[in-house]
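*Asks:* Let me begin by handing over the structure; questions about it come next.
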Amino acid sequence: MISLQQLEDFFNAWADMMWSTPLVILLVGGGVFFMFYSRFQPYRYFGHAIDLLRGKYSDPNDPGFIPHSQALATALSGTIGLGNIAGVAIAISIGGPGAVFWMWVTAIVGVATKFYTASLSVMYRKTGPDGVVNGGPMYVITQGMGQRWYPLAAVFAVACLVGALPLFQANQFIQLLRDVVAIPAGWATPEEHFTFDLVSSSIVAVLVAMVVAGRIQRIGRLTVRLVPTMVVMYLMMTATVLYTYASEIPAMLWLIVSDAFTGEAAAGGSIGAVILIGVRRGAFSNEAGIGTESLAHGAAKTVEPIREGIVAMVGPVIDTLVVCTCTALIILLTGVWDNDSGLEGVTMTARAIEQVFPVTGIYLLLIMVGMLSFSTMVTMWFYGVKCMGFLIGVERQYYYSPIYLGLLVVGAVVSMDIVNGLILASYATMAIPTMISALYLAPKVNVAAKAYFAELKSK
């Protein structure tokens, strides 16, 4: 009989093996390659991305299901989640402040990576027998590289089925709900909380089911409202923290940069450890090169693949350079990271916010986490369904729904260490077929981009 500790050790060892130097080189090195291969051209079109999001070039008759703004919001709802709050805290607690710098690096190179992966997702979409347009790395591989590459596409789909499970989101949200509401109210204790976790996660599962019943169209309408609200709310909270600790900001920014190249605060005390932790968490946060976001962008209403690539490249900027940096500054400026209290994950972020908002802060964070985790849960369902459809046929893809909702409940009552290792290992596995296909087909994107930008300039 395998014990929970053995299972935890296995998943964490798997994650460590996958997130080793070769994968870091593939993700960061691949992103650097895309930057230079594109001659930094996508970086010059952020203004055009805003126009696309405003619907300036939209045509309701284009193939697809959701407009550019909803596609980006859906992709962001999958990336702006507890990884931005709990994940950043984990990165700092293990890798020190320097891990934040390497998260920034993944975002900067991730702009170019997402431009290529999202463009390919639209370029190689496939219409199923039900008339639904499907996009994503598995279709990029089979449609763009050929059916002989099907095993590589299947690896992505299987890994995504695991990586898209709501285990991490459910675990951390229920943990915060328990700490803030249940234990003070006497509904649970730190030692005895199984019943509360089970009931509350079951309620969340029912709410998720109500949204996913409307499929991608309802998910898009929900996320395009929730995501901007979440970002603005978090920016306001961070602005208050920055004002409170204004005199310490320069020193803290310098600590982030200097520690990135010394590794003094990292577990193990090496630069390599800091880089691995920062890249791992950065990739988990913005998903550049992972491929999940391409599933959302593949549903966009457009006939121009490059347009969706331009929209997608906004994602790492909002997700990592803005939201993750907000969390990092809150944790670092308040000093909660530099102690021996044993705080981890979302609890560390909660304690940091409580120092600035002693009465309301924890409830503001609870609302924020609730919106983040819920929007991520509904988006991850869409990712899993699309991968299930690729593997067993679109007519049977919704068999995934009861499995997903059941594991949403299970995720709330299992160890976070087990969840963390399993999800991280799955994300690393997804990155391999995504980056291989993007590098292989990059010349196709360059040809399309040259034509698109030339036409755009002529207008």
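Chain identifiers are assigned as A, B, and so on, following the order in which chains appear in the structure tokens; residues are numbered from 1 within each chain, and ligands are numbered from 1 in order of appearance.
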What lies within 12 Å of Ser121 in chain A using only C-alpha atoms, ignoring chain neighbours under 2 positions off, as a PDB file with N, CA and C atoms, in the first residue's frame?
*Replies:*
ATOM      1  N   GLY A  64     -14.905  30.969 -35.360  1.00  0.00           N
ATOM      2  CA  GLY A  64     -14.546  31.021 -33.955  1.00  0.00           C
ATOM      3  C   GLY A  64     -15.775  31.259 -33.101  1.00  0.00           C
ATOM      4  N   LYS A 114       4.439  33.586 -26.654  1.00  0.00           N
ATOM      5  CA  LYS A 114       2.981  33.558 -26.821  1.00  0.00           C
ATOM      6  C   LYS A 114       2.558  34.079 -28.188  1.00  0.00           C
ATOM      7  N   PHE A 115       3.302  35.010 -28.725  1.00  0.00           N
ATOM      8  CA  PHE A 115       2.991  35.483 -30.065  1.00  0.00           C
ATOM      9  C   PHE A 115       3.022  34.326 -31.057  1.00  0.00           C
ATOM     10  N   TYR A 116       4.028  33.478 -30.941  1.00  0.00           N
ATOM     11  CA  TYR A 116       4.159  32.346 -31.864  1.00  0.00           C
ATOM     12  C   TYR A 116       3.137  31.248 -31.561  1.00  0.00           C
ATOM     13  N   THR A 117       2.997  30.865 -30.306  1.00  0.00           N
ATOM     14  CA  THR A 117       2.107  29.737 -29.990  1.00  0.00           C
ATOM     15  C   THR A 117       0.644  30.060 -30.267  1.00  0.00           C
ATOM     16  N   ALA A 118       0.206  31.288 -29.963  1.00  0.00           N
ATOM     17  CA  ALA A 118      -1.191  31.652 -30.206  1.00  0.00           C
ATOM     18  C   ALA A 118      -1.469  31.832 -31.696  1.00  0.00           C
ATOM     19  N   SER A 119      -0.513  32.384 -32.423  1.00  0.00           N
ATOM     20  CA  SER A 119      -0.684  32.511 -33.876  1.00  0.00           C
ATOM     21  C   SER A 119      -0.845  31.129 -34.509  1.00  0.00           C
ATOM     22  N   MET A 123      -3.779  29.373 -36.742  1.00  0.00           N
ATOM     23  CA  MET A 123      -3.333  28.978 -38.081  1.00  0.00           C
ATOM     24  C   MET A 123      -3.669  27.519 -38.381  1.00  0.00           C
ATOM     25  N   TYR A 124      -3.589  26.670 -37.364  1.00  0.00           N
ATOM     26  CA  TYR A 124      -3.814  25.240 -37.573  1.00  0.00           C
ATOM     27  C   TYR A 124      -5.023  24.720 -36.801  1.00  0.00           C
ATOM     28  N   ARG A 125      -6.073  25.510 -36.790  1.00  0.00           N
ATOM     29  CA  ARG A 125      -7.318  25.044 -36.174  1.00  0.00           C
ATOM     30  C   ARG A 125      -7.946  23.945 -37.027  1.00  0.00           C
ATOM     31  N   LYS A 126      -8.754  23.121 -36.378  1.00  0.00           N
ATOM     32  CA  LYS A 126      -9.437  22.044 -37.093  1.00  0.00           C
ATOM     33  C   LYS A 126     -10.913  22.066 -36.738  1.00  0.00           C
ATOM     34  N   VAL A 133     -14.955  24.687 -34.167  1.00  0.00           N
ATOM     35  CA  VAL A 133     -13.546  24.939 -34.473  1.00  0.00           C
ATOM     36  C   VAL A 133     -12.711  24.666 -33.230  1.00  0.00           C
ATOM     37  N   ASN A 134     -11.679  23.836 -33.363  1.00  0.00           N
ATOM     38  CA  ASN A 134     -10.817  23.472 -32.243  1.00  0.00           C
ATOM     39  C   ASN A 134      -9.389  23.917 -32.507  1.00  0.00           C
ATOM     40  N   GLY A 135      -8.763  24.503 -31.498  1.00  0.00           N
ATOM     41  CA  GLY A 135      -7.375  24.921 -31.607  1.00  0.00           C
ATOM     42  C   GLY A 135      -6.592  24.511 -30.383  1.00  0.00           C
ATOM     43  N   GLY A 136      -5.282  24.575 -30.483  1.00  0.00           N
ATOM     44  CA  GLY A 136      -4.435  24.193 -29.371  1.00  0.00           C
ATOM     45  C   GLY A 136      -3.208  23.465 -29.863  1.00  0.00           C
ATOM     46  N   PRO A 137      -2.228  23.248 -28.997  1.00  0.00           N
ATOM     47  CA  PRO A 137      -0.972  22.614 -29.417  1.00  0.00           C
ATOM     48  C   PRO A 137      -1.147  21.252 -30.069  1.00  0.00           C
ATOM     49  N   MET A 138      -2.142  20.463 -29.628  1.00  0.00           N
ATOM     50  CA  MET A 138      -2.300  19.127 -30.218  1.00  0.00           C
ATOM     51  C   MET A 138      -2.718  19.220 -31.679  1.00  0.00           C
ATOM     52  N   TYR A 139      -3.506  20.242 -32.035  1.00  0.00           N
ATOM     53  CA  TYR A 139      -3.888  20.428 -33.437  1.00  0.00           C
ATOM     54  C   TYR A 139      -2.765  21.101 -34.223  1.00  0.00           C
ATOM     55  N   VAL A 140      -1.999  21.959 -33.568  1.00  0.00           N
ATOM     56  CA  VAL A 140      -0.822  22.541 -34.222  1.00  0.00           C
ATOM     57  C   VAL A 140       0.129  21.425 -34.643  1.00  0.00           C
ATOM     58  N   ILE A 141       0.314  20.451 -33.771  1.00  0.00           N
ATOM     59  CA  ILE A 141       1.238  19.354 -34.049  1.00  0.00           C
ATOM     60  C   ILE A 141       0.715  18.474 -35.186  1.00  0.00           C
ATOM     61  N   THR A 142      -0.536  18.031 -35.076  1.00  0.00           N
ATOM     62  CA  THR A 142      -1.053  17.085 -36.070  1.00  0.00           C
ATOM     63  C   THR A 142      -1.370  17.752 -37.405  1.00  0.00           C
ATOM     64  N   GLN A 143      -1.862  18.992 -37.380  1.00  0.00           N
ATOM     65  CA  GLN A 143      -2.203  19.690 -38.617  1.00  0.00           C
ATOM     66  C   GLN A 143      -0.992  20.355 -39.253  1.00  0.00           C
ATOM     67  N   GLY A 144      -0.087  20.870 -38.414  1.00  0.00           N
ATOM     68  CA  GLY A 144       1.065  21.592 -38.937  1.00  0.00           C
ATOM     69  C   GLY A 144       2.277  20.727 -39.211  1.00  0.00           C
ATOM     70  N   GLY A 291       1.389  26.060 -23.321  1.00  0.00           N
ATOM     71  CA  GLY A 291       0.448  25.691 -24.367  1.00  0.00           C
ATOM     72  C   GLY A 291      -1.013  25.751 -23.996  1.00  0.00           C
ATOM     73  N   THR A 292      -1.325  25.829 -22.705  1.00  0.00           N
ATOM     74  CA  THR A 292      -2.731  25.838 -22.302  1.00  0.00           C
ATOM     75  C   THR A 292      -3.470  27.055 -22.841  1.00  0.00           C
ATOM     76  N   GLU A 293      -2.796  28.218 -22.802  1.00  0.00           N
ATOM     77  CA  GLU A 293      -3.470  29.444 -23.248  1.00  0.00           C
ATOM     78  C   GLU A 293      -3.844  29.381 -24.727  1.00  0.00           C
ATOM     79  N   SER A 294      -3.117  28.564 -25.497  1.00  0.00           N
ATOM     80  CA  SER A 294      -3.425  28.432 -26.922  1.00  0.00           C
ATOM     81  C   SER A 294      -4.794  27.796 -27.146  1.00  0.00           C
ATOM     82  N   LEU A 295      -5.257  27.019 -26.187  1.00  0.00           N
ATOM     83  CA  LEU A 295      -6.586  26.422 -26.294  1.00  0.00           C
ATOM     84  C   LEU A 295      -7.660  27.499 -26.263  1.00  0.00           C
ATOM     85  N   ALA A 296      -7.444  28.531 -25.429  1.00  0.00           N
ATOM     86  CA  ALA A 296      -8.400  29.640 -25.363  1.00  0.00           C
ATOM     87  C   ALA A 296      -8.287  30.530 -26.589  1.00  0.00           C
ATOM     88  N   HIS A 297      -7.066  30.873 -26.972  1.00  0.00           N
ATOM     89  CA  HIS A 297      -6.884  31.745 -28.131  1.00  0.00           C
ATOM     90  C   HIS A 297      -7.331  31.061 -29.422  1.00  0.00           C
ATOM     91  N   GLY A 298      -7.294  29.742 -29.438  1.00  0.00           N
ATOM     92  CA  GLY A 298      -7.757  29.017 -30.610  1.00  0.00           C
ATOM     93  C   GLY A 298      -9.248  29.129 -30.844  1.00  0.00           C
ATOM     94  N   ALA A 299      -9.998  29.602 -29.840  1.00  0.00           N
ATOM     95  CA  ALA A 299     -11.450  29.766 -29.974  1.00  0.00           C
ATOM     96  C   ALA A 299     -11.840  31.171 -30.429  1.00  0.00           C
ATOM     97  N   ALA A 300     -10.855  32.040 -30.665  1.00  0.00           N
ATOM     98  CA  ALA A 300     -11.145  33.432 -31.014  1.00  0.00           C
ATOM     99  C   ALA A 300     -11.781  33.555 -32.397  1.00  0.00           C
ATOM    100  N   THR A 302     -11.641  35.024 -35.583  1.00  0.00           N
ATOM    101  CA  THR A 302     -10.714  35.743 -36.454  1.00  0.00           C
ATOM    102  C   THR A 302     -10.291  34.850 -37.611  1.00  0.00           C
ATOM    103  N   VAL A 303      -9.931  35.483 -38.712  1.00  0.00           N
ATOM    104  CA  VAL A 303      -9.345  34.755 -39.841  1.00  0.00           C
ATOM    105  C   VAL A 303      -7.859  35.069 -39.958  1.00  0.00           C
ATOM    106  N   GLU A 304      -7.354  35.932 -39.071  1.00  0.00           N
ATOM    107  CA  GLU A 304      -5.954  36.350 -39.099  1.00  0.00           C
ATOM    108  C   GLU A 304      -5.215  35.762 -37.901  1.00  0.00           C
ATOM    109  N   PRO A 305      -4.439  34.706 -38.087  1.00  0.00           N
ATOM    110  CA  PRO A 305      -3.711  34.114 -36.955  1.00  0.00           C
ATOM    111  C   PRO A 305      -2.814  35.106 -36.222  1.00  0.00           C
ATOM    112  N   ILE A 306      -2.194  36.018 -36.965  1.00  0.00           N
ATOM    113  CA  ILE A 306      -1.258  36.959 -36.345  1.00  0.00           C
ATOM    114  C   ILE A 306      -1.985  37.894 -35.374  1.00  0.00           C
ATOM    115  N   ARG A 307      -3.231  38.211 -35.671  1.00  0.00           N
ATOM    116  CA  ARG A 307      -3.983  39.070 -34.748  1.00  0.00           C
ATOM    117  C   ARG A 307      -4.080  38.433 -33.367  1.00  0.00           C
ATOM    118  N   GLU A 308      -4.374  37.131 -33.328  1.00  0.00           N
ATOM    119  CA  GLU A 308      -4.501  36.486 -32.029  1.00  0.00           C
ATOM    120  C   GLU A 308      -3.156  36.358 -31.344  1.00  0.00           C
ATOM    121  N   GLY A 309      -2.095  36.220 -32.134  1.00  0.00           N
ATOM    122  CA  GLY A 309      -0.767  36.216 -31.541  1.00  0.00           C
ATOM    123  C   GLY A 309      -0.438  37.537 -30.873  1.00  0.00           C
ATOM    124  N   ALA A 312      -2.438  37.726 -27.665  1.00  0.00           N
ATOM    125  CA  ALA A 312      -1.928  36.803 -26.647  1.00  0.00           C
ATOM    126  C   ALA A 312      -0.691  37.329 -25.945  1.00  0.00           C
ATOM    127  N   THR A 434       4.733  21.586 -26.828  1.00  0.00           N
ATOM    128  CA  THR A 434       4.369  22.948 -27.235  1.00  0.00           C
ATOM    129  C   THR A 434       5.552  23.685 -27.829  1.00  0.00           C
ATOM    130  N   SER A 437       6.878  22.087 -31.246  1.00  0.00           N
ATOM    131  CA  SER A 437       6.041  22.435 -32.404  1.00  0.00           C
ATOM    132  C   SER A 437       6.180  23.907 -32.770  1.00  0.00           C
ATOM    133  N   ALA A 438       6.284  24.783 -31.763  1.00  0.00           N
ATOM    134  CA  ALA A 438       6.420  26.216 -32.050  1.00  0.00           C
ATOM    135  C   ALA A 438       7.748  26.509 -32.737  1.00  0.00           C
ATOM    136  N   LEU A 441       7.599  25.170 -36.398  1.00  0.00           N
ATOM    137  CA  LEU A 441       6.709  25.893 -37.314  1.00  0.00           C
ATOM    138  C   LEU A 441       6.902  27.408 -37.279  1.00  0.00           C
ATOM    139  N   VAL A 445       4.977  31.220 -39.082  1.00  0.00           N
ATOM    140  CA  VAL A 445       4.485  32.429 -38.415  1.00  0.00           C
ATOM    141  C   VAL A 445       5.173  33.660 -38.972  1.00  0.00           C
TER     142      VAL A 445
END
*Asks:* Would you pick out the contacts of Gly384 in chain A at 10 Å or less, using only C-alpha atoms, so that residues sharing its chain but fewer than 2 positions from it are not included, and give the list as a PyMOL selection string?
*Replies:* chain A and resi 157-165+292+295+379-382+386-390+397-398+400-401+404
*Asks:* Leaving out Ile271 in chain A and any residue of its chain fewer than 3 positions from it, which residues lie within 7 Å of it when counting only C-alpha atoms, given as a ChimeraX atom specification?
*Replies:* /A:260-263,274-275
*Asks:* Neighbouring residues of Glu354 in chain A were defined as those with any atom within 12 Å, considering only C-alpha atoms; residues of the same chain fewer than 6 positions away were excluded. Please report them as a CSV table (one decimal) with N, CA and C atoms, in the first residue's frame.
*Replies:*
chain,number,residue,atom,x,y,z
A,180,VAL,N,-9.9,32.0,7.4
A,180,VAL,CA,-10.6,33.3,7.6
A,180,VAL,C,-12.0,33.2,8.1
A,237,MET,N,-5.0,47.5,-3.9
A,237,MET,CA,-4.4,47.0,-2.6
A,237,MET,C,-2.9,47.2,-2.6
A,241,VAL,N,0.0,49.4,-0.2
A,241,VAL,CA,1.2,48.8,0.4
A,241,VAL,C,2.4,49.6,0.0
A,330,ILE,N,4.2,43.1,-2.1
A,330,ILE,CA,3.4,43.0,-0.8
A,330,ILE,C,4.2,42.1,0.2
A,331,ILE,N,4.6,40.9,-0.3
A,331,ILE,CA,5.3,40.0,0.6
A,331,ILE,C,6.7,40.5,1.1
A,334,THR,N,6.5,43.9,3.4
A,334,THR,CA,6.0,43.7,4.7
A,334,THR,C,6.9,42.8,5.6
A,336,VAL,N,7.2,39.5,5.7
A,336,VAL,CA,6.7,38.2,6.2
A,336,VAL,C,7.5,37.1,5.6
A,347,THR,N,-1.3,31.6,2.6
A,347,THR,CA,-1.3,32.1,4.0
A,347,THR,C,-0.2,33.1,4.2
A,348,MET,N,0.9,33.0,3.5
A,348,MET,CA,2.0,34.0,3.7
A,348,MET,C,1.5,35.3,3.1
A,360,THR,N,-9.7,44.8,7.4
A,360,THR,CA,-10.4,44.4,6.1
A,360,THR,C,-9.5,43.6,5.2
A,361,GLY,N,-8.2,43.6,5.4
A,361,GLY,CA,-7.3,43.1,4.4
A,361,GLY,C,-7.5,41.6,4.1
A,362,ILE,N,-7.7,40.8,5.1
A,362,ILE,CA,-7.9,39.4,4.9
A,362,ILE,C,-9.2,39.1,4.2
A,363,TYR,N,-10.2,39.9,4.4
A,363,TYR,CA,-11.5,39.7,3.7
A,363,TYR,C,-11.4,40.2,2.2
A,364,LEU,N,-10.6,41.2,2.0
A,364,LEU,CA,-10.4,41.6,0.6
A,364,LEU,C,-9.6,40.5,-0.2
A,365,LEU,N,-8.6,39.9,0.5
A,365,LEU,CA,-7.9,38.9,-0.1
A,365,LEU,C,-8.8,37.7,-0.4
A,366,LEU,N,-9.7,37.4,0.5
A,366,LEU,CA,-10.6,36.2,0.4
A,366,LEU,C,-11.5,36.4,-0.9
*Asks:* Report as a PyMOL selection string: the residues of range 90-334 of chain A with a DSSP assignment of alpha helix (DSSP H), based on the backbone of this structure.
*Replies:* chain A and resi 90-95+98-123+137-139+150-163+167-177+183-185+194-212+215-244+249-260+271-286+292-297+305-312+314-316+325-334
*Asks:* Measure the distance from CA of Leu329 in chain A to CA of Gly110 in chain A in Å and round it to one decimal.
*Replies:*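 Spanning CA of Leu329 in chain A to CA of Gly110 in chain A is a straight-line distance of 21.3 Å.
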*Asks:* Which of these, A:Ala13, A:Ala188, A:Ile290, A:Val447, has the shortest distance to Thr429 in chain A once you count only C-alpha atoms?
*Replies:*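 So, comparing all the options, the nearest one is A:Ile290.
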*Asks:* From the options A:Val385, A:Leu391, A:Ile85, A:Leu53, which residue's atoms come nearest to Cys326 in chain A, counting only C-alpha atoms?
*Replies:*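 Closest residue, counting only C-alpha atoms: A:Ile85.
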*Asks:* Mind giving me the straight-line distance from CA of Pro190 in chain A to CA of Phe173 in chain A in Å, one decimal?
*Replies:*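 About the pair CA of Pro190 in chain A and CA of Phe173 in chain A: they are 15.5 Å apart.
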*Asks:* Identify which of the residues A:Ala89, A:Ala425, A:Val314, A:Arg225 lies closest to Ala350 in chain A, counting only C-alpha atoms when measuring atom-to-atom distances.
*Replies:*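 Smallest distance to Ala350 in chain A is found for A:Ala89.
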*Asks:* In terms of the shortest atom-to-atom distance over only C-alpha atoms, which of A:Pro97, A:Gly411, A:Gly30, A:Gly146 is closest to Ser202 in chain A?
*Replies:* A:Gly411
*Asks:* Considering only C-alpha atoms, can you say which of A:Thr327, A:Gly87, A:Arg54, A:Lys301 comes closest to Phe168 in chain A?
*Replies:*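 Residue with the minimum atom-to-atom distance to Phe168 in chain A: A:Gly87.
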*Asks:* Looking at only C-alpha atoms, which of A:Pro316, A:Gly272, A:Pro151, A:Pro358 is the one that sits closest to Val111 in chain A?
*Replies:*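 The answer is A:Pro316, which sits nearest to Val111 in chain A.
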